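Data from query_5.csv: CSV, C-alpha atoms and all ligand atoms
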```csv
chain,number,residue,atom,x,y,z
Y,26,MET,CA,-16.0,25.8,-3.9
Y,27,ALA,CA,-12.8,24.5,-5.3
Y,28,ASP,CA,-9.9,23.7,-2.9
Y,29,ILE,CA,-6.6,25.6,-2.6
Y,30,LEU,CA,-3.6,24.0,-4.2
Y,31,TYR,CA,0.0,24.9,-3.3
Y,32,TYR,CA,3.0,23.8,-5.3
Y,33,VAL,CA,6.2,23.4,-3.3
Y,34,ILE,CA,9.4,23.5,-5.3
Y,35,PRO,CA,12.8,23.2,-3.6
Y,36,CYS,CA,15.5,25.0,-5.6
Y,37,TYR,CA,19.2,24.8,-5.3
Y,38,ASN,CA,21.2,26.8,-7.8
Y,39,GLU,CA,18.4,26.6,-10.3
Y,40,GLU,CA,18.7,29.9,-12.1
Y,41,ALA,CA,19.0,28.2,-15.4
Y,42,VAL,CA,15.6,26.5,-15.2
Y,43,LEU,CA,13.6,28.6,-12.8
Y,44,PRO,CA,12.1,31.1,-15.3
Y,45,GLU,CA,10.9,28.3,-17.5
Y,46,THR,CA,9.6,26.3,-14.6
Y,47,ALA,CA,7.7,29.3,-13.3
Y,48,LYS,CA,6.2,30.0,-16.7
Y,49,ARG,CA,4.9,26.5,-17.2
Y,50,LEU,CA,3.6,26.1,-13.7
Y,51,ARG,CA,1.7,29.4,-14.0
Y,52,GLU,CA,0.1,28.3,-17.2
Y,53,LYS,CA,-0.9,25.0,-15.7
Y,54,MET,CA,-2.3,26.7,-12.7
Y,55,ARG,CA,-4.3,29.2,-14.7
Y,56,GLU,CA,-5.8,26.4,-16.7
Y,57,MET,CA,-6.8,24.5,-13.5
Y,58,MET,CA,-8.3,27.7,-12.0
Y,59,GLU,CA,-10.2,28.5,-15.2
Y,60,THR,CA,-11.7,25.0,-15.3
Y,61,GLY,CA,-12.7,25.5,-11.6
Y,62,LEU,CA,-10.5,22.6,-10.5
Y,63,ILE,CA,-8.6,24.7,-7.9
Y,64,ALA,CA,-9.3,27.9,-6.0
Y,65,GLU,CA,-8.0,31.3,-7.0
Y,66,LYS,CA,-6.0,31.5,-3.8
Y,67,SER,CA,-3.7,28.7,-5.0
Y,68,ARG,CA,0.0,29.4,-5.0
Y,69,ILE,CA,3.4,28.3,-6.4
Y,70,VAL,CA,6.0,28.3,-3.6
Y,71,PHE,CA,9.7,28.2,-4.4
Y,72,VAL,CA,11.9,27.2,-1.5
Y,73,ASN,CA,15.4,28.6,-2.0
Y,74,ASP,CA,17.8,26.1,-0.4
Y,75,GLY,CA,20.8,28.4,0.2
Y,76,SER,CA,21.6,28.8,-3.5
Y,77,LYS,CA,24.9,30.4,-4.4
Y,78,ASP,CA,23.6,31.8,-7.7
Y,79,ARG,CA,20.7,34.2,-8.6
Y,80,THR,CA,17.9,31.8,-7.7
Y,81,TRP,CA,16.6,33.9,-4.8
Y,82,GLU,CA,16.6,37.1,-6.9
Y,83,ILE,CA,14.6,35.4,-9.6
Y,84,ILE,CA,12.1,34.2,-7.0
Y,85,GLU,CA,11.8,37.7,-5.6
Y,86,SER,CA,11.1,39.2,-9.0
Y,87,LEU,CA,8.6,36.5,-9.8
Y,88,HIS,CA,6.8,37.3,-6.6
Y,89,ALA,CA,6.8,41.0,-7.4
Y,90,GLN,CA,5.4,40.4,-10.8
Y,91,ASP,CA,2.6,38.0,-9.9
Y,92,PRO,CA,1.2,37.2,-6.5
Y,93,VAL,CA,0.6,33.6,-7.5
Y,94,PHE,CA,4.3,33.1,-6.8
Y,95,SER,CA,5.6,32.9,-3.3
Y,96,GLY,CA,9.1,32.3,-2.0
Y,97,ILE,CA,10.7,30.9,1.1
Y,98,ASN,CA,14.4,31.6,1.6
Y,99,LEU,CA,16.3,29.2,3.9
Y,100,SER,CA,19.1,30.5,6.0
Y,101,ARG,CA,21.6,28.1,4.3
Y,102,ASN,CA,21.8,25.0,2.2
Y,103,ARG,CA,20.0,22.2,4.1
Y,104,GLY,CA,19.6,19.6,1.3
Y,105,HIS,CA,16.7,18.6,-0.8
Y,106,GLN,CA,14.7,16.7,1.8
Y,107,ASN,CA,14.9,19.5,4.4
Y,108,ALA,CA,14.1,22.2,1.9
Y,109,LEU,CA,11.0,20.3,0.8
Y,110,LEU,CA,9.9,19.7,4.4
Y,111,ALA,CA,10.4,23.4,5.1
Y,112,GLY,CA,8.1,24.3,2.3
Y,113,LEU,CA,5.5,21.7,3.2
Y,114,MET,CA,5.4,22.7,6.8
Y,115,THR,CA,5.3,26.4,6.1
Y,116,VAL,CA,2.3,26.2,3.8
Y,117,ARG,CA,0.3,23.4,5.3
Y,118,GLU,CA,-2.2,25.6,7.2
Y,119,ARG,CA,-2.9,27.6,4.1
Y,120,ALA,CA,-3.4,24.9,1.6
Y,121,ASP,CA,-6.0,22.1,1.2
Y,122,MET,CA,-3.6,20.1,-0.9
Y,123,VAL,CA,0.1,20.5,-1.7
Y,124,ILE,CA,2.0,19.1,-4.7
Y,125,SER,CA,5.8,18.8,-4.3
Y,126,MET,CA,7.9,18.8,-7.4
Y,127,ASP,CA,11.5,19.3,-8.4
Y,128,ALA,CA,12.5,22.5,-10.1
Y,129,ASP,CA,14.1,21.0,-13.1
Y,130,LEU,CA,10.9,20.0,-15.0
Y,131,GLN,CA,11.7,16.3,-15.1
Y,132,ASP,CA,8.3,15.6,-13.6
Y,133,ASP,CA,5.5,16.0,-16.0
Y,134,ILE,CA,3.4,19.0,-14.9
Y,135,ASN,CA,0.3,17.6,-16.6
Y,136,ALA,CA,0.2,14.7,-14.2
Y,137,SER,CA,-0.8,17.2,-11.5
Y,138,VAL,CA,-4.3,17.5,-12.9
Y,139,GLU,CA,-4.8,13.8,-12.5
Y,140,MET,CA,-3.4,14.1,-8.9
Y,141,VAL,CA,-5.8,16.8,-8.1
Y,142,LYS,CA,-8.7,14.8,-9.5
Y,143,LYS,CA,-7.7,11.8,-7.4
Y,144,TYR,CA,-7.6,14.2,-4.4
Y,145,TYR,CA,-11.2,15.1,-5.0
Y,146,GLY,CA,-11.9,11.4,-5.4
Y,147,GLY,CA,-11.0,11.0,-1.8
Y,148,CYS,CA,-7.2,10.3,-1.8
Y,149,ASP,CA,-5.0,12.0,0.8
Y,150,ILE,CA,-1.7,11.0,-0.9
Y,151,VAL,CA,-1.1,10.6,-4.6
Y,152,TYR,CA,2.3,9.4,-5.6
Y,153,GLY,CA,3.8,10.3,-9.0
Y,154,VAL,CA,5.5,7.2,-10.4
Y,155,ARG,CA,7.7,7.2,-13.5
Y,156,SER,CA,6.3,4.8,-16.0
Y,157,ALA,CA,9.4,4.7,-18.1
Y,158,ARG,CA,13.0,5.6,-17.5
Y,159,THR,CA,13.8,5.9,-21.2
Y,160,THR,CA,15.3,9.4,-20.9
Y,161,ASP,CA,17.8,8.3,-18.1
Y,162,THR,CA,21.1,6.9,-19.0
Y,163,ALA,CA,21.5,3.1,-18.7
Y,164,PHE,CA,23.8,3.7,-15.7
Y,165,LYS,CA,21.4,5.9,-13.9
Y,166,ARG,CA,18.6,3.4,-14.6
Y,167,MET,CA,20.7,0.5,-13.2
Y,168,THR,CA,21.9,2.4,-10.1
Y,169,ALA,CA,18.3,3.6,-9.4
Y,170,GLN,CA,16.9,0.1,-9.7
Y,171,GLY,CA,19.7,-1.3,-7.4
Y,172,PHE,CA,18.9,1.6,-5.0
Y,173,TYR,CA,15.2,0.6,-4.6
Y,174,ARG,CA,16.0,-3.1,-4.3
Y,175,PHE,CA,18.7,-2.6,-1.7
Y,176,MET,CA,16.5,-0.2,0.3
Y,177,HIS,CA,13.7,-2.7,0.3
Y,178,MET,CA,16.1,-5.5,1.4
Y,179,MET,CA,17.3,-3.3,4.3
Y,180,GLY,CA,13.7,-2.7,5.5
Y,181,ALA,CA,13.2,0.8,4.1
Y,182,HIS,CA,9.9,0.4,2.3
Y,183,THR,CA,9.6,3.0,-0.4
Y,184,ILE,CA,7.5,3.2,-3.5
Y,185,SER,CA,9.6,2.2,-6.5
Y,186,ASP,CA,10.3,4.8,-9.1
Y,187,HIS,CA,8.6,7.5,-7.1
Y,188,ALA,CA,10.7,10.5,-6.3
Y,189,ASP,CA,9.3,13.5,-4.5
Y,190,TYR,CA,6.5,14.3,-7.0
Y,191,ARG,CA,3.4,13.8,-4.9
Y,192,LEU,CA,0.2,15.4,-3.7
Y,193,MET,CA,-0.6,15.5,0.0
Y,194,SER,CA,-3.8,16.7,1.5
Y,195,ARG,CA,-3.9,19.0,4.5
Y,196,ARG,CA,-4.7,16.0,6.7
Y,197,ALA,CA,-1.8,14.0,5.4
Y,198,LEU,CA,0.5,16.9,6.1
Y,199,ALA,CA,-0.8,17.2,9.6
Y,200,GLY,CA,0.2,13.5,9.9
Y,201,LEU,CA,3.6,14.2,8.5
Y,202,ALA,CA,4.1,17.0,11.1
Y,203,GLU,CA,3.7,14.4,13.8
Y,204,PHE,CA,7.0,12.8,12.7
Y,205,LYS,CA,9.4,14.8,14.6
Y,206,GLU,CA,12.6,13.0,13.6
Y,207,VAL,CA,15.6,15.0,12.5
Y,208,ASN,CA,16.9,12.5,10.0
Y,209,LEU,CA,13.9,12.7,7.8
Y,210,PHE,CA,13.6,10.6,4.7
Y,211,LEU,CA,10.4,11.7,3.1
Y,212,ARG,CA,10.0,8.9,0.6
Y,213,GLY,CA,10.0,6.4,3.5
Y,214,ILE,CA,8.0,8.4,5.9
Y,215,VAL,CA,5.1,9.4,3.7
Y,216,PRO,CA,3.9,5.8,3.1
Y,217,MET,CA,3.9,5.3,6.9
Y,218,ILE,CA,1.3,8.0,7.3
Y,219,GLY,CA,-1.4,5.9,5.6
Y,220,TYR,CA,-4.8,7.3,4.6
Y,221,PRO,CA,-6.3,6.5,1.2
Y,222,SER,CA,-3.6,6.8,-1.4
Y,223,ASP,CA,-3.2,6.3,-5.1
Y,224,ILE,CA,-0.6,6.4,-7.9
Y,225,VAL,CA,-0.4,8.5,-11.0
Y,226,TYR,CA,2.0,7.4,-13.8
Y,227,TYR,CA,4.0,9.9,-15.9
Y,228,GLU,CA,7.0,9.9,-18.1
Y,229,ARG,CA,10.0,11.5,-16.7
Y,230,ALA,CA,11.7,13.9,-19.0
Y,231,GLU,CA,15.3,15.0,-19.1
Y,232,ARG,CA,16.5,17.8,-16.9
Y,233,PHE,CA,15.4,21.0,-18.7
Y,234,ALA,CA,18.6,22.9,-18.0
Y,235,GLY,CA,21.4,23.0,-15.4
Y,236,GLU,CA,23.1,20.0,-13.8
Y,237,SER,CA,21.8,17.2,-11.6
Y,238,LYS,CA,22.4,17.9,-7.9
Y,239,TYR,CA,22.4,14.1,-7.3
Y,240,PRO,CA,25.6,12.5,-8.6
Y,241,LEU,CA,26.3,8.9,-7.7
Y,242,GLY,CA,28.1,9.7,-4.5
Y,243,LYS,CA,25.2,11.8,-3.2
Y,244,MET,CA,22.8,9.0,-4.2
Y,245,LEU,CA,24.7,6.4,-2.2
Y,246,SER,CA,24.8,8.6,0.9
Y,247,PHE,CA,21.1,9.2,0.3
Y,248,ALA,CA,20.5,5.4,0.3
Y,249,VAL,CA,22.5,5.0,3.5
Y,250,GLU,CA,20.6,7.9,5.0
Y,251,GLY,CA,17.3,6.4,4.0
Y,252,ILE,CA,18.1,3.0,5.4
Y,253,THR,CA,19.6,4.1,8.7
Y,254,SER,CA,16.9,6.7,9.3
Y,255,LEU,CA,14.0,4.2,8.6
Y,256,SER,CA,15.1,0.8,9.8
Y,257,THR,CA,17.3,-1.0,12.3
Y,258,LYS,CA,17.6,-4.0,10.0
Y,259,PRO,CA,21.4,-3.6,9.5
Y,260,ILE,CA,21.7,-4.3,13.3
Y,261,LYS,CA,19.6,-7.4,12.9
Y,262,LEU,CA,22.0,-8.6,10.3
Y,263,ILE,CA,24.8,-8.5,12.8
Y,264,THR,CA,22.8,-10.7,15.1
Y,265,TYR,CA,22.1,-13.2,12.3
Y,266,LEU,CA,25.8,-13.2,11.4
Y,267,GLY,CA,26.7,-13.8,15.0
Y,268,PHE,CA,24.3,-16.8,15.1
Y,269,CYS,CA,25.8,-18.2,11.9
Y,270,ILE,CA,29.4,-17.9,13.0
Y,271,PHE,CA,28.5,-19.4,16.3
Y,272,PHE,CA,27.0,-22.5,14.5
Y,273,VAL,CA,30.1,-22.6,12.3
Y,274,SER,CA,32.2,-22.7,15.5
Y,275,ILE,CA,30.3,-25.7,16.7
Y,276,ALA,CA,31.0,-27.5,13.5
Y,277,MET,CA,34.6,-26.4,13.8
Y,278,LEU,CA,34.7,-27.8,17.3
Y,279,ILE,CA,33.6,-31.2,16.1
Y,280,TYR,CA,35.9,-31.1,13.1
Y,281,SER,CA,38.9,-30.1,15.3
Y,282,LEU,CA,38.2,-32.8,17.9
Y,283,VAL,CA,38.0,-35.4,15.2
Y,284,ARG,CA,41.3,-34.2,13.8
Y,285,HIS,CA,42.7,-34.1,17.3
Y,286,PHE,CA,41.8,-37.7,18.1
Y,287,THR,CA,42.9,-39.1,14.8
Y,288,GLY,CA,46.2,-37.5,15.7
Y,289,SER,CA,46.7,-35.5,12.4
Y,290,THR,CA,47.2,-32.1,14.1
Y,291,ILE,CA,50.1,-30.3,15.7
Y,292,VAL,CA,49.8,-29.4,19.4
Y,293,GLY,CA,47.7,-26.3,20.1
Y,294,TRP,CA,45.9,-26.2,16.8
Y,295,THR,CA,42.6,-27.5,18.2
Y,296,THR,CA,42.3,-25.1,21.1
Y,297,LEU,CA,43.2,-22.2,18.9
Y,298,MET,CA,40.8,-23.0,16.1
Y,299,VAL,CA,37.9,-23.6,18.4
Y,300,SER,CA,38.5,-20.5,20.5
Y,301,VAL,CA,38.9,-18.2,17.5
Y,302,TRP,CA,35.6,-19.3,16.0
Y,303,ALA,CA,33.7,-19.5,19.3
Y,304,ILE,CA,34.8,-16.1,20.6
Y,305,GLY,CA,34.3,-14.5,17.2
Y,306,GLY,CA,30.7,-15.8,17.1
Y,307,LEU,CA,30.0,-14.8,20.7
Y,308,ILE,CA,31.4,-11.3,20.2
Y,309,LEU,CA,29.2,-10.8,17.1
Y,310,LEU,CA,26.2,-12.2,18.8
Y,311,SER,CA,26.7,-10.0,21.8
Y,312,LEU,CA,27.2,-6.9,19.6
Y,313,GLY,CA,24.0,-7.8,17.8
Y,314,ILE,CA,22.1,-8.1,21.1
Y,315,ILE,CA,23.4,-4.7,22.3
Y,316,GLY,CA,22.6,-3.4,18.9
Y,317,GLU,CA,19.0,-4.5,19.2
Y,318,TYR,CA,18.6,-2.4,22.3
Y,319,ILE,CA,20.3,0.6,20.7
Y,320,GLY,CA,18.0,0.1,17.8
Y,321,LYS,CA,15.0,0.3,20.1
Y,322,ILE,CA,16.4,3.4,21.8
Y,323,TYR,CA,16.9,4.9,18.4
Y,324,LEU,CA,13.3,4.3,17.4
Y,325,GLU,CA,12.0,5.6,20.7
Y,326,THR,CA,14.0,8.8,20.4
Y,327,LYS,CA,12.2,9.5,17.1
Y,328,GLU,CA,8.9,9.8,19.0
Y,329,ARG,CA,6.9,8.8,15.9
Y,330,PRO,CA,3.2,8.9,16.2
Y,331,ARG,CA,1.8,5.5,17.2
Y,332,PHE,CA,-1.4,6.0,15.2
Y,333,LEU,CA,-3.3,8.6,13.2
Y,334,VAL,CA,-7.1,8.4,13.3
Y,335,GLU,CA,-8.8,8.6,10.0
Y,336,GLN,CA,-12.4,8.6,11.2
Y,337,PHE,CA,-14.2,8.4,14.5
Y,338,LEU,CA,-17.8,7.2,14.3
Y,339,ASN,CA,-19.6,8.3,17.4
Y,340,GLU,CA,-23.1,9.0,18.5
Y,341,ASP,CA,-22.9,12.8,18.5
Y,342,GLY,CA,-22.5,12.6,14.8
Y,343,GLU,CA,-19.0,14.2,14.7
Y,344,ASN,CA,-17.1,12.0,12.2
Y,345,GLU,CA,-13.9,14.1,12.1
Y,346,PRO,CA,-11.2,13.1,14.6
R,1,LIG,N1,17.8,20.5,-4.3
R,1,LIG,C1,17.8,21.2,-3.2
R,1,LIG,N2,18.8,21.3,-2.3
R,1,LIG,C2,20.0,20.5,-2.6
R,1,LIG,C3,20.0,19.7,-3.8
R,1,LIG,C4,18.9,19.7,-4.6
R,1,LIG,O1,16.8,21.9,-2.9
R,1,LIG,O2,20.9,20.6,-1.8
R,1,LIG,C5,16.7,20.5,-5.3
R,1,LIG,C6,17.0,20.8,-6.7
R,1,LIG,O3,17.0,22.2,-6.9
R,1,LIG,C7,15.9,20.1,-7.5
R,1,LIG,C8,15.6,18.9,-6.6
R,1,LIG,O4,16.2,19.2,-5.3
R,1,LIG,O5,14.7,20.9,-7.5
R,1,LIG,C9,16.1,17.6,-7.2
R,1,LIG,O6,17.5,17.7,-7.6
R,1,LIG,P1,18.0,17.2,-8.9
R,1,LIG,O7,17.0,17.5,-10.0
R,1,LIG,O8,19.4,17.8,-9.2
R,1,LIG,O9,18.2,15.6,-8.7
R,1,LIG,P2,18.0,14.4,-9.8
R,1,LIG,O10,16.7,14.7,-10.5
R,1,LIG,O11,19.2,14.5,-10.7
R,1,LIG,O12,18.0,13.2,-8.9
R,2,MG,MG,16.1,16.2,-11.4
```
Mind turning the file's structure into structure tokens?
Amino acid sequence: MADILYYVIPCYNEEAVLPETAKRLREKMREMMETGLIAEKSRIVFVNDGSKDRTWEIIESLHAQDPVFSGINLSRNRGHQNALLAGLMTVRERADMVISMDADLQDDINASVEMVKKYYGGCDIVYGVRSARTTDTAFKRMTAQGFYRFMHMMGAHTISDHADYRLMSRRALAGLAEFKEVNLFLRGIVPMIGYPSDIVYYERAERFAGESKYPLGKMLSFAVEGITSLSTKPIKLITYLGFCIFFVSIAMLIYSLVRHFTGSTIVGWTTLMVSVWAIGGLILLSLGIIGEYIGKIYLETKERPRFLVEQFLNEDGENEP
């Protein structure tokens, strides 16, 4: 018996591309059903993220025409990541595997077949990674590269050139459901789940129609969101800075004393110099220490799972956790 595949597609003001996306996805799905790769009960789920155009009407009519299409209508615009999560969590009990994809056909649908094959090969998570960014503008390429590098430096470990085109098994989705945090940055959380994973490379096309919903400003706030929701490294930087300045203040102390005793200063300069540096350093250091605790509290409030069991070998022969 083949397994059930659900596609989850977040859509925000996508009336221009949706009919084409639906057509291509349906074709691909038929093909996979006919070759026996996926079950007949597989579905394509569009999540309407509070669109202001006719997106939801289109989804409704698609659903009326063909039961392979499903729709989830969110109460208002909640942003890409939340829309995606809403879709994943709504379908996770019905599907054996879920592929998430953008609505704009930038991700190569053909790569799904390879993802599904890797799923049958035992992978719980299969990441779609762009092999080339030739279709992006040089500016988008550069900013995207800087984005991944900066994220990495700040302790947010994501997979480079992987957006949200990925396959997740039911088990991986159950793992994801354990992450109860409100500020959810999927690209950072999914690698934390673990389980056997693999990568499928594909070429990213240009947006089929409509406009990008991620201009530079939104991308920057996305990066900040990602870093602050995943890591407390920025706080650590304050502590390091405090240490550095404190050491500088010691050097300044020696320097000022030397100047003082060689008599080449005006009265009051030495005390002023030393106290400014020492106090600055101490304040930063103290802030850093307080920050470390706040960082700990922050991570505690997220109540992330401390572990996920993959297998449990036990005498009674039950290998499933
Ligand atoms: N999207 C969404 N809610 C939003 C913004 C975007 O659901 O508030 C969806 C959008 O419809 C698309 C996906 O997120 O399916 C990615 O957006 P887009 O293609 O505009 O981003 P880009 O590829 O330019 O980074
Ligand atoms: Mg896009």
Inset, instruction - Have a look at Y:Val151, Y:Met244, Y:Ala163, Y:Val215 and name the one nearest to ligand LIG 1 (chain R); count all atoms listed in the file. - result: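 The closest residue to ligand LIG 1 (chain R) is Y:Met244.
Based on only C-alpha atoms and all ligand atoms, the protein and nucleic acid residues found within 8 Å of ligand MG 2 (chain R) are, by chain and then by number, Asp127, Ala128, Asp129, Leu130, Gln131, Glu231, Arg232, Ser237, Lys238 and Tyr239 of chain Y.
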What are the closest atom pairs, with distances in Å to one decimal, for all residues of chain Y lying within 8 Å of ligand LIG 1 (chain R)? Consider only C-alpha atoms and all ligand atoms, order rows by chain and residue number, and present the result as JSON lines.
```
{"residue": "Y:Ile34", "atom": "CA", "partner": "R:LIG1", "partner_atom": "O5", "distance": 6.3}
{"residue": "Y:Pro35", "atom": "CA", "partner": "R:LIG1", "partner_atom": "O1", "distance": 4.3}
{"residue": "Y:Cys36", "atom": "CA", "partner": "R:LIG1", "partner_atom": "O3", "distance": 3.4}
{"residue": "Y:Tyr37", "atom": "CA", "partner": "R:LIG1", "partner_atom": "O3", "distance": 3.8}
{"residue": "Y:Asn38", "atom": "CA", "partner": "R:LIG1", "partner_atom": "O3", "distance": 6.3}
{"residue": "Y:Glu39", "atom": "CA", "partner": "R:LIG1", "partner_atom": "O3", "distance": 5.7}
{"residue": "Y:Val72", "atom": "CA", "partner": "R:LIG1", "partner_atom": "O1", "distance": 7.4}
{"residue": "Y:Asn73", "atom": "CA", "partner": "R:LIG1", "partner_atom": "O1", "distance": 6.9}
{"residue": "Y:Asp74", "atom": "CA", "partner": "R:LIG1", "partner_atom": "O1", "distance": 5.0}
{"residue": "Y:Gly75", "atom": "CA", "partner": "R:LIG1", "partner_atom": "N2", "distance": 7.8}
{"residue": "Y:Asn102", "atom": "CA", "partner": "R:LIG1", "partner_atom": "O2", "distance": 6.0}
{"residue": "Y:Arg103", "atom": "CA", "partner": "R:LIG1", "partner_atom": "O2", "distance": 6.2}
{"residue": "Y:Gly104", "atom": "CA", "partner": "R:LIG1", "partner_atom": "O2", "distance": 3.5}
{"residue": "Y:His105", "atom": "CA", "partner": "R:LIG1", "partner_atom": "C1", "distance": 3.7}
{"residue": "Y:Gln106", "atom": "CA", "partner": "R:LIG1", "partner_atom": "O1", "distance": 7.3}
{"residue": "Y:Asn107", "atom": "CA", "partner": "R:LIG1", "partner_atom": "O1", "distance": 7.9}
{"residue": "Y:Ala108", "atom": "CA", "partner": "R:LIG1", "partner_atom": "O1", "distance": 5.5}
{"residue": "Y:Leu109", "atom": "CA", "partner": "R:LIG1", "partner_atom": "O1", "distance": 7.1}
{"residue": "Y:Met126", "atom": "CA", "partner": "R:LIG1", "partner_atom": "O5", "distance": 7.1}
{"residue": "Y:Asp127", "atom": "CA", "partner": "R:LIG1", "partner_atom": "O5", "distance": 3.7}
{"residue": "Y:Ala128", "atom": "CA", "partner": "R:LIG1", "partner_atom": "O5", "distance": 3.8}
{"residue": "Y:Asp129", "atom": "CA", "partner": "R:LIG1", "partner_atom": "O7", "distance": 5.5}
{"residue": "Y:Gln131", "atom": "CA", "partner": "R:LIG1", "partner_atom": "O10", "distance": 7.0}
{"residue": "Y:Arg232", "atom": "CA", "partner": "R:LIG1", "partner_atom": "O7", "distance": 6.9}
{"residue": "Y:Glu236", "atom": "CA", "partner": "R:LIG1", "partner_atom": "O8", "distance": 6.3}
{"residue": "Y:Ser237", "atom": "CA", "partner": "R:LIG1", "partner_atom": "O8", "distance": 3.4}
{"residue": "Y:Lys238", "atom": "CA", "partner": "R:LIG1", "partner_atom": "O8", "distance": 3.3}
{"residue": "Y:Tyr239", "atom": "CA", "partner": "R:LIG1", "partner_atom": "O9", "distance": 4.7}
{"residue": "Y:Pro240", "atom": "CA", "partner": "R:LIG1", "partner_atom": "O11", "distance": 7.0}
{"residue": "Y:Met244", "atom": "CA", "partner": "R:LIG1", "partner_atom": "O12", "distance": 7.9}
```
I'd like a table as a tab-separated table: residues in stretch 250-277 of chain Y with an atom no more than 12 Å from stretch 293-310 of chain Y, each row giving the shortest atom pair and its distance in Å to one decimal, all atoms listed in the file counted, sorted by chain and rising residue number.
```
residue	atom	partner	partner_atom	distance
Y:Ile260	CA	Y:Leu310	CA	10.6
Y:Lys261	CA	Y:Leu310	CA	10.1
Y:Leu262	CA	Y:Leu310	CA	10.1
Y:Ile263	CA	Y:Leu309	CA	6.6
Y:Thr264	CA	Y:Leu310	CA	5.2
Y:Tyr265	CA	Y:Leu310	CA	7.7
Y:Leu266	CA	Y:Leu309	CA	7.1
Y:Gly267	CA	Y:Leu310	CA	4.2
Y:Phe268	CA	Y:Leu310	CA	6.2
Y:Cys269	CA	Y:Gly306	CA	7.5
Y:Ile270	CA	Y:Gly306	CA	4.8
Y:Phe271	CA	Y:Gly306	CA	4.3
Y:Phe272	CA	Y:Gly306	CA	8.1
Y:Val273	CA	Y:Trp302	CA	7.4
Y:Ser274	CA	Y:Trp302	CA	4.8
Y:Ile275	CA	Y:Ala303	CA	7.5
Y:Ala276	CA	Y:Val299	CA	9.3
Y:Met277	CA	Y:Val299	CA	6.3
```
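If you look at atom CA of Y:Ala111 and atom CA of Y:Arg79, they are 20.3 Å away from each other.
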Inset, instruction - Up to 10 Å from (9.7, 3.8, -6.3) in the file's coordinates: name the residues, counting only C-alpha atoms, as a ChimeraX atom specification. - result: /Y:152-155,169-170,172-174,182-189,212
Supply stretch 228-239 of chain Y as a PDB file, in the coordinates of the input, with N, CA and C atoms built in where the input has gaps.
```pdb
ATOM      1  N   GLU Y 228       5.631  10.130 -17.548  1.00  0.00           N
ATOM      2  CA  GLU Y 228       7.000   9.900 -18.100  1.00  0.00           C
ATOM      3  C   GLU Y 228       7.910  10.957 -17.676  1.00  0.00           C
ATOM      4  N   ARG Y 229       9.054  10.514 -17.221  1.00  0.00           N
ATOM      5  CA  ARG Y 229      10.000  11.500 -16.700  1.00  0.00           C
ATOM      6  C   ARG Y 229      10.869  12.004 -17.852  1.00  0.00           C
ATOM      7  N   ALA Y 230      10.936  13.304 -17.928  1.00  0.00           N
ATOM      8  CA  ALA Y 230      11.700  13.900 -19.000  1.00  0.00           C
ATOM      9  C   ALA Y 230      13.137  14.139 -18.566  1.00  0.00           C
ATOM     10  N   GLU Y 231      13.916  14.678 -19.478  1.00  0.00           N
ATOM     11  CA  GLU Y 231      15.300  15.000 -19.100  1.00  0.00           C
ATOM     12  C   GLU Y 231      15.276  16.346 -18.372  1.00  0.00           C
ATOM     13  N   ARG Y 232      16.308  16.572 -17.588  1.00  0.00           N
ATOM     14  CA  ARG Y 232      16.500  17.800 -16.900  1.00  0.00           C
ATOM     15  C   ARG Y 232      16.403  18.948 -17.959  1.00  0.00           C
ATOM     16  N   PHE Y 233      15.589  19.980 -17.723  1.00  0.00           N
ATOM     17  CA  PHE Y 233      15.400  21.000 -18.700  1.00  0.00           C
ATOM     18  C   PHE Y 233      16.697  21.813 -18.947  1.00  0.00           C
ATOM     19  N   ALA Y 234      17.353  22.184 -17.871  1.00  0.00           N
ATOM     20  CA  ALA Y 234      18.600  22.900 -18.000  1.00  0.00           C
ATOM     21  C   ALA Y 234      19.358  22.746 -16.642  1.00  0.00           C
ATOM     22  N   GLY Y 235      20.625  23.093 -16.625  1.00  0.00           N
ATOM     23  CA  GLY Y 235      21.400  23.000 -15.400  1.00  0.00           C
ATOM     24  C   GLY Y 235      21.837  21.535 -15.177  1.00  0.00           C
ATOM     25  N   GLU Y 236      22.506  21.314 -14.054  1.00  0.00           N
ATOM     26  CA  GLU Y 236      23.100  20.000 -13.800  1.00  0.00           C
ATOM     27  C   GLU Y 236      22.342  19.278 -12.648  1.00  0.00           C
ATOM     28  N   SER Y 237      22.423  17.952 -12.667  1.00  0.00           N
ATOM     29  CA  SER Y 237      21.800  17.200 -11.600  1.00  0.00           C
ATOM     30  C   SER Y 237      22.582  17.485 -10.294  1.00  0.00           C
ATOM     31  N   LYS Y 238      21.810  17.639  -9.217  1.00  0.00           N
ATOM     32  CA  LYS Y 238      22.400  17.900  -7.900  1.00  0.00           C
ATOM     33  C   LYS Y 238      22.573  16.544  -7.166  1.00  0.00           C
ATOM     34  N   TYR Y 239      22.315  15.444  -7.879  1.00  0.00           N
ATOM     35  CA  TYR Y 239      22.400  14.100  -7.300  1.00  0.00           C
ATOM     36  C   TYR Y 239      23.385  13.224  -8.047  1.00  0.00           C
TER      37      TYR Y 239
END
```
